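Student: I have a structure here, written as structure tokens, and I will follow up with some questions on it.
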Amino acid sequence: MAVTIHDVAKGADVSVSTVSRAFTMPEMVNAATRRKVLQVAEELGYQPNRAARGLVTGKTGNIGVVVPDVANPFFSAMLKGCTARAREVRHVVFLADAAEDPRVEAEVVGAMAKQVDGVVLCSPRMQPAQLERLVGTTPIVLVNRDEAGLPAVLMDSGDGARQALEHLAALGHRRIAHLAGPPASWAGEERLRGVRAAATASDVETVELGPFPPTFQGGVQAADLALARGVTAVLAFNDLMAVGVLNRLAARGVAVPGDISVTGFDDIEMSAMTTEPLTTVRMPMEAAGRAAVDLLLDGLDAPEPSEGAPTHRWLGTQLIVRSTTAPPREDTAGGSGVPRALVGR
């Protein structure tokens with residue numbers, strides 16, 4: 001039989017109303033009593049009725065999370081952080097996959113609004129005006145997007161791109177391809193800004209290609225274009241694209257890093273599993289998910305934040321050097337920067 005609130009009250013030797021307040025209005029219950037109630041509830045396996053609690057508190061105990069592509073390991077890792085933190089604070093996560101479609105993003109936020117206490121929007125592709133129209137429909141926290149004065153958790157993509165390009169420049173590369181991802185990606189804009197600044201400082205020529213889909217197939221598509229432009233290194237928008245690049249280069253008989261160096265971005269799990277483990281920039285994906293839930297709940301607890309209260313949280317990035325980057329070959333054809341090994345391929 002299901003454990004009831006009466007069972008918890010009996011086990012904790014308190015009234016039913018005290019048990020109810022311990023879950024719905026904890027500030028009204030003595031701390032020691034509340035701890036005893038929660039301990040008994042946990043021992044008995046009691047689960048409070050969320051619908052009933054919502055009628056009292058006006059909160060559902062649910063959090064919405066919207067991602068552009070749930071199949072992308074980057075967002076899977078971020079979701080893992082969201083759900084882990086939500087579980088710790090007795091909340092449930094509702095997930096929506098927007099399929100890289102800004103129209104779908106807006107629709108699912110609207111659909112979720114009455115069922116959740118707030119929404120975490122991960123790397124939204126919406127235009128600024130679309131985001132602004134959502135303000136006020138439900139509390140929103142952005143991840144990897146700085147827009148419309150909304151609270152946000154931001155990973156320092158610009159600095160990560162700087163680290164990657166300076167690494168390639170230090171190895172001796174002077175003509176590097178930058179493979180852009182989705183045109184609506186805030187992180188992509190930040191990475192391009194970091195690449196351009198570092199290239200100028202390092203006296204490196206960058207070849208900007210794209211945009212490409214942020215997928216394995218997008219990398220396959222980009223690889224041929226990069227080779228045709230005579231670069232000695234490639235900096236891909238993300239690890240999925242970088243793995244696609246590696247696959248296409250292998251199919252064409254191009255050695256990595258012997259003929260060309262490749263770097264990715266994100267440090268998803270598979271980046272260390274490729275034939276040549278991928279040099280990449282580590283993004284704190286799980287930490288960002290946890291921080292986004294905290295920022296959302298902080299806003300729910302204090303809808304009118306005090307002056308000076310942080311609404312943005314910045315997380316650092318780190319270059320992870322593995323096996324897909326090395327100094328370029330010295331033998332180039334006609335000064336074009338194309339390794340002789342690639343001529344005619």
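By convention here, the chains of the structure tokens are called A, B, ... in the order presented, each chain's residues are numbered starting at 1, and ligands are numbered starting at 1 in the order presented.
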Just want the 6 Å neighbourhood of stretch 63-69 of chain A, counted on only C-alpha atoms, with same-chain residues fewer than 3 positions away dropped. Output as a ChimeraX atom specification.
Tutor: /A:72,93-100,116-122
Student: Quick one: write out the picked residues with C-alpha atoms as an mmCIF file, in the first residue's frame?
Tutor:
```
data_model
loop_
_atom_site.group_PDB
_atom_site.id
_atom_site.type_symbol
_atom_site.label_atom_id
_atom_site.label_comp_id
_atom_site.auth_asym_id
_atom_site.auth_seq_id
_atom_site.Cartn_x
_atom_site.Cartn_y
_atom_site.Cartn_z
ATOM 1 C CA ASN A 72 23.847 16.102 -29.530
ATOM 2 C CA VAL A 93 12.549 18.096 -15.248
ATOM 3 C CA PHE A 94 10.328 18.216 -18.338
ATOM 4 C CA LEU A 95 12.441 17.987 -21.513
ATOM 5 C CA ALA A 96 11.656 19.353 -24.973
ATOM 6 C CA ASP A 97 13.737 18.903 -28.144
ATOM 7 C CA ALA A 98 13.374 21.874 -30.508
ATOM 8 C CA ALA A 99 15.078 20.133 -33.478
ATOM 9 C CA GLU A 100 17.212 23.240 -34.193
ATOM 10 C CA VAL A 116 6.364 24.262 -14.857
ATOM 11 C CA ASP A 117 7.745 26.852 -12.466
ATOM 12 C CA GLY A 118 10.245 28.056 -15.047
ATOM 13 C CA VAL A 119 12.217 27.080 -18.146
ATOM 14 C CA VAL A 120 15.928 26.604 -18.849
ATOM 15 C CA LEU A 121 16.551 27.462 -22.507
ATOM 16 C CA CYS A 122 19.799 25.889 -23.737
#
```
Student: From a DSSP pass on the backbone, collect the residues of stretch 16-244 of chain A flagged as alpha helix (DSSP H) and hand them back as JSON, numbers by chain.
Tutor: {"A": [16, 17, 18, 19, 20, 21, 22, 23, 24, 31, 32, 33, 34, 35, 36, 37, 38, 39, 40, 41, 42, 43, 44, 50, 51, 52, 53, 54, 55, 56, 57, 73, 74, 75, 76, 77, 78, 79, 80, 81, 82, 83, 84, 85, 86, 87, 88, 102, 103, 104, 105, 106, 107, 108, 109, 110, 111, 112, 128, 129, 130, 131, 132, 133, 134, 157, 158, 159, 160, 161, 162, 163, 164, 165, 166, 167, 168, 169, 170, 171, 186, 187, 188, 189, 190, 191, 192, 193, 194, 195, 196, 197, 198, 199, 200, 201, 202, 216, 217, 218, 219, 220, 221, 222, 223, 224, 225, 226, 227, 228, 239, 240, 241, 242, 243, 244]}
Student: Output C-alpha atoms of each residue in that selection to a file, as an mmCIF file, in the first residue's frame.
Tutor:
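See selection_10.cif below for the written result:
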```
data_model
loop_
_atom_site.group_PDB
_atom_site.id
_atom_site.type_symbol
_atom_site.label_atom_id
_atom_site.label_comp_id
_atom_site.auth_asym_id
_atom_site.auth_seq_id
_atom_site.Cartn_x
_atom_site.Cartn_y
_atom_site.Cartn_z
ATOM 1 C CA VAL A 16 -0.908 15.809 9.673
ATOM 2 C CA SER A 17 -0.973 19.594 9.255
ATOM 3 C CA THR A 18 2.628 19.810 10.513
ATOM 4 C CA VAL A 19 3.732 17.259 7.915
ATOM 5 C CA SER A 20 1.908 19.232 5.214
ATOM 6 C CA ARG A 21 3.578 22.486 6.253
ATOM 7 C CA ALA A 22 6.992 20.782 6.407
ATOM 8 C CA PHE A 23 6.697 20.165 2.655
ATOM 9 C CA THR A 24 4.711 23.198 1.496
ATOM 10 C CA ALA A 31 13.884 23.245 11.974
ATOM 11 C CA ALA A 32 14.291 20.189 14.200
ATOM 12 C CA THR A 33 10.691 19.115 13.591
ATOM 13 C CA ARG A 34 11.072 19.556 9.856
ATOM 14 C CA ARG A 35 14.237 17.463 9.820
ATOM 15 C CA LYS A 36 12.425 14.712 11.739
ATOM 16 C CA VAL A 37 9.454 14.799 9.333
ATOM 17 C CA LEU A 38 11.695 14.634 6.265
ATOM 18 C CA GLN A 39 13.731 11.803 7.753
ATOM 19 C CA VAL A 40 10.615 9.735 8.493
ATOM 20 C CA ALA A 41 9.202 10.513 5.049
ATOM 21 C CA GLU A 42 12.407 9.314 3.408
ATOM 22 C CA GLU A 43 12.539 6.144 5.531
ATOM 23 C CA LEU A 44 8.932 5.318 4.654
ATOM 24 C CA ARG A 50 2.619 17.574 -6.173
ATOM 25 C CA ALA A 51 -0.786 18.721 -7.367
ATOM 26 C CA ALA A 52 -2.010 19.313 -3.840
ATOM 27 C CA ARG A 53 1.209 21.047 -2.884
ATOM 28 C CA GLY A 54 0.879 23.262 -5.942
ATOM 29 C CA LEU A 55 -2.543 24.452 -4.833
ATOM 30 C CA VAL A 56 -1.000 25.705 -1.579
ATOM 31 C CA THR A 57 2.309 27.102 -2.819
ATOM 32 C CA PRO A 73 26.020 14.818 -26.646
ATOM 33 C CA PHE A 74 26.746 18.409 -25.632
ATOM 34 C CA PHE A 75 23.104 18.942 -24.674
ATOM 35 C CA SER A 76 22.802 15.463 -23.195
ATOM 36 C CA ALA A 77 25.591 16.313 -20.756
ATOM 37 C CA MET A 78 23.978 19.646 -19.927
ATOM 38 C CA LEU A 79 20.650 17.908 -19.351
ATOM 39 C CA LYS A 80 22.363 15.467 -17.008
ATOM 40 C CA GLY A 81 23.520 18.399 -14.892
ATOM 41 C CA CYS A 82 20.020 19.928 -14.888
ATOM 42 C CA THR A 83 18.281 16.738 -13.837
ATOM 43 C CA ALA A 84 20.857 15.882 -11.162
ATOM 44 C CA ARG A 85 20.542 19.289 -9.525
ATOM 45 C CA ALA A 86 16.743 19.313 -9.858
ATOM 46 C CA ARG A 87 16.546 15.909 -8.181
ATOM 47 C CA GLU A 88 18.636 17.166 -5.262
ATOM 48 C CA PRO A 102 13.447 28.525 -33.348
ATOM 49 C CA ARG A 103 9.700 28.342 -34.072
ATOM 50 C CA VAL A 104 9.478 25.072 -32.145
ATOM 51 C CA GLU A 105 11.459 26.597 -29.261
ATOM 52 C CA ALA A 106 8.877 29.353 -28.843
ATOM 53 C CA GLU A 107 5.985 26.888 -29.119
ATOM 54 C CA VAL A 108 7.267 24.487 -26.468
ATOM 55 C CA VAL A 109 8.033 27.276 -23.999
ATOM 56 C CA GLY A 110 4.451 28.470 -24.407
ATOM 57 C CA ALA A 111 3.120 24.934 -23.964
ATOM 58 C CA MET A 112 5.237 24.357 -20.853
ATOM 59 C CA PRO A 128 16.083 38.526 -29.995
ATOM 60 C CA ALA A 129 12.532 39.705 -30.723
ATOM 61 C CA GLN A 130 11.211 36.156 -30.333
ATOM 62 C CA LEU A 131 12.956 35.800 -26.979
ATOM 63 C CA GLU A 132 11.616 39.123 -25.779
ATOM 64 C CA ARG A 133 8.054 38.005 -26.514
ATOM 65 C CA LEU A 134 8.537 35.083 -24.126
ATOM 66 C CA SER A 157 33.522 30.115 -25.711
ATOM 67 C CA GLY A 158 35.497 33.126 -26.880
ATOM 68 C CA ASP A 159 38.386 32.353 -24.573
ATOM 69 C CA GLY A 160 38.222 28.662 -25.491
ATOM 70 C CA ALA A 161 38.536 29.532 -29.181
ATOM 71 C CA ARG A 162 41.469 31.786 -28.354
ATOM 72 C CA GLN A 163 43.216 28.923 -26.561
ATOM 73 C CA ALA A 164 42.675 26.579 -29.505
ATOM 74 C CA LEU A 165 43.949 29.001 -32.131
ATOM 75 C CA GLU A 166 46.979 30.025 -30.059
ATOM 76 C CA HIS A 167 47.781 26.322 -29.632
ATOM 77 C CA LEU A 168 47.746 25.803 -33.408
ATOM 78 C CA ALA A 169 49.755 28.963 -33.977
ATOM 79 C CA ALA A 170 52.344 27.866 -31.432
ATOM 80 C CA LEU A 171 52.744 24.605 -33.364
ATOM 81 C CA TRP A 186 25.588 32.909 -29.680
ATOM 82 C CA ALA A 187 28.431 30.552 -28.749
ATOM 83 C CA GLY A 188 29.450 30.403 -32.413
ATOM 84 C CA GLU A 189 29.671 34.188 -32.567
ATOM 85 C CA GLU A 190 31.765 34.224 -29.414
ATOM 86 C CA ARG A 191 34.106 31.585 -30.834
ATOM 87 C CA LEU A 192 34.543 33.491 -34.066
ATOM 88 C CA ARG A 193 35.330 36.636 -32.099
ATOM 89 C CA GLY A 194 37.960 34.741 -30.108
ATOM 90 C CA VAL A 195 39.459 33.203 -33.253
ATOM 91 C CA ARG A 196 39.735 36.539 -35.037
ATOM 92 C CA ALA A 197 41.346 38.288 -32.075
ATOM 93 C CA ALA A 198 43.855 35.491 -31.532
ATOM 94 C CA ALA A 199 44.647 35.243 -35.236
ATOM 95 C CA THR A 200 45.490 38.932 -35.403
ATOM 96 C CA ALA A 201 47.675 38.702 -32.307
ATOM 97 C CA SER A 202 49.441 35.549 -33.588
ATOM 98 C CA PHE A 216 28.860 14.639 -38.005
ATOM 99 C CA GLN A 217 27.589 15.147 -41.549
ATOM 100 C CA GLY A 218 28.286 18.864 -41.305
ATOM 101 C CA GLY A 219 31.931 18.015 -40.626
ATOM 102 C CA VAL A 220 32.075 15.616 -43.576
ATOM 103 C CA GLN A 221 30.766 18.407 -45.798
ATOM 104 C CA ALA A 222 33.241 20.934 -44.420
ATOM 105 C CA ALA A 223 36.351 18.759 -44.768
ATOM 106 C CA ASP A 224 36.526 18.896 -48.559
ATOM 107 C CA LEU A 225 36.104 22.669 -48.558
ATOM 108 C CA ALA A 226 38.878 23.085 -45.995
ATOM 109 C CA LEU A 227 41.260 20.915 -48.016
ATOM 110 C CA ALA A 228 40.471 22.853 -51.166
ATOM 111 C CA ASP A 239 33.367 17.818 -31.602
ATOM 112 C CA LEU A 240 30.631 16.219 -33.716
ATOM 113 C CA MET A 241 31.758 18.269 -36.711
ATOM 114 C CA ALA A 242 35.399 17.524 -35.918
ATOM 115 C CA VAL A 243 34.699 13.767 -35.922
ATOM 116 C CA GLY A 244 33.005 14.183 -39.285
#
```
Student: Smallest atom-to-atom distance to A:Pro284: which of A:Leu315, A:Ala233, A:Leu179, A:Val207, using only C-alpha atoms?
Tutor: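 When distances to A:Pro284 are compared using only C-alpha atoms, the smallest one comes from A:Leu315.
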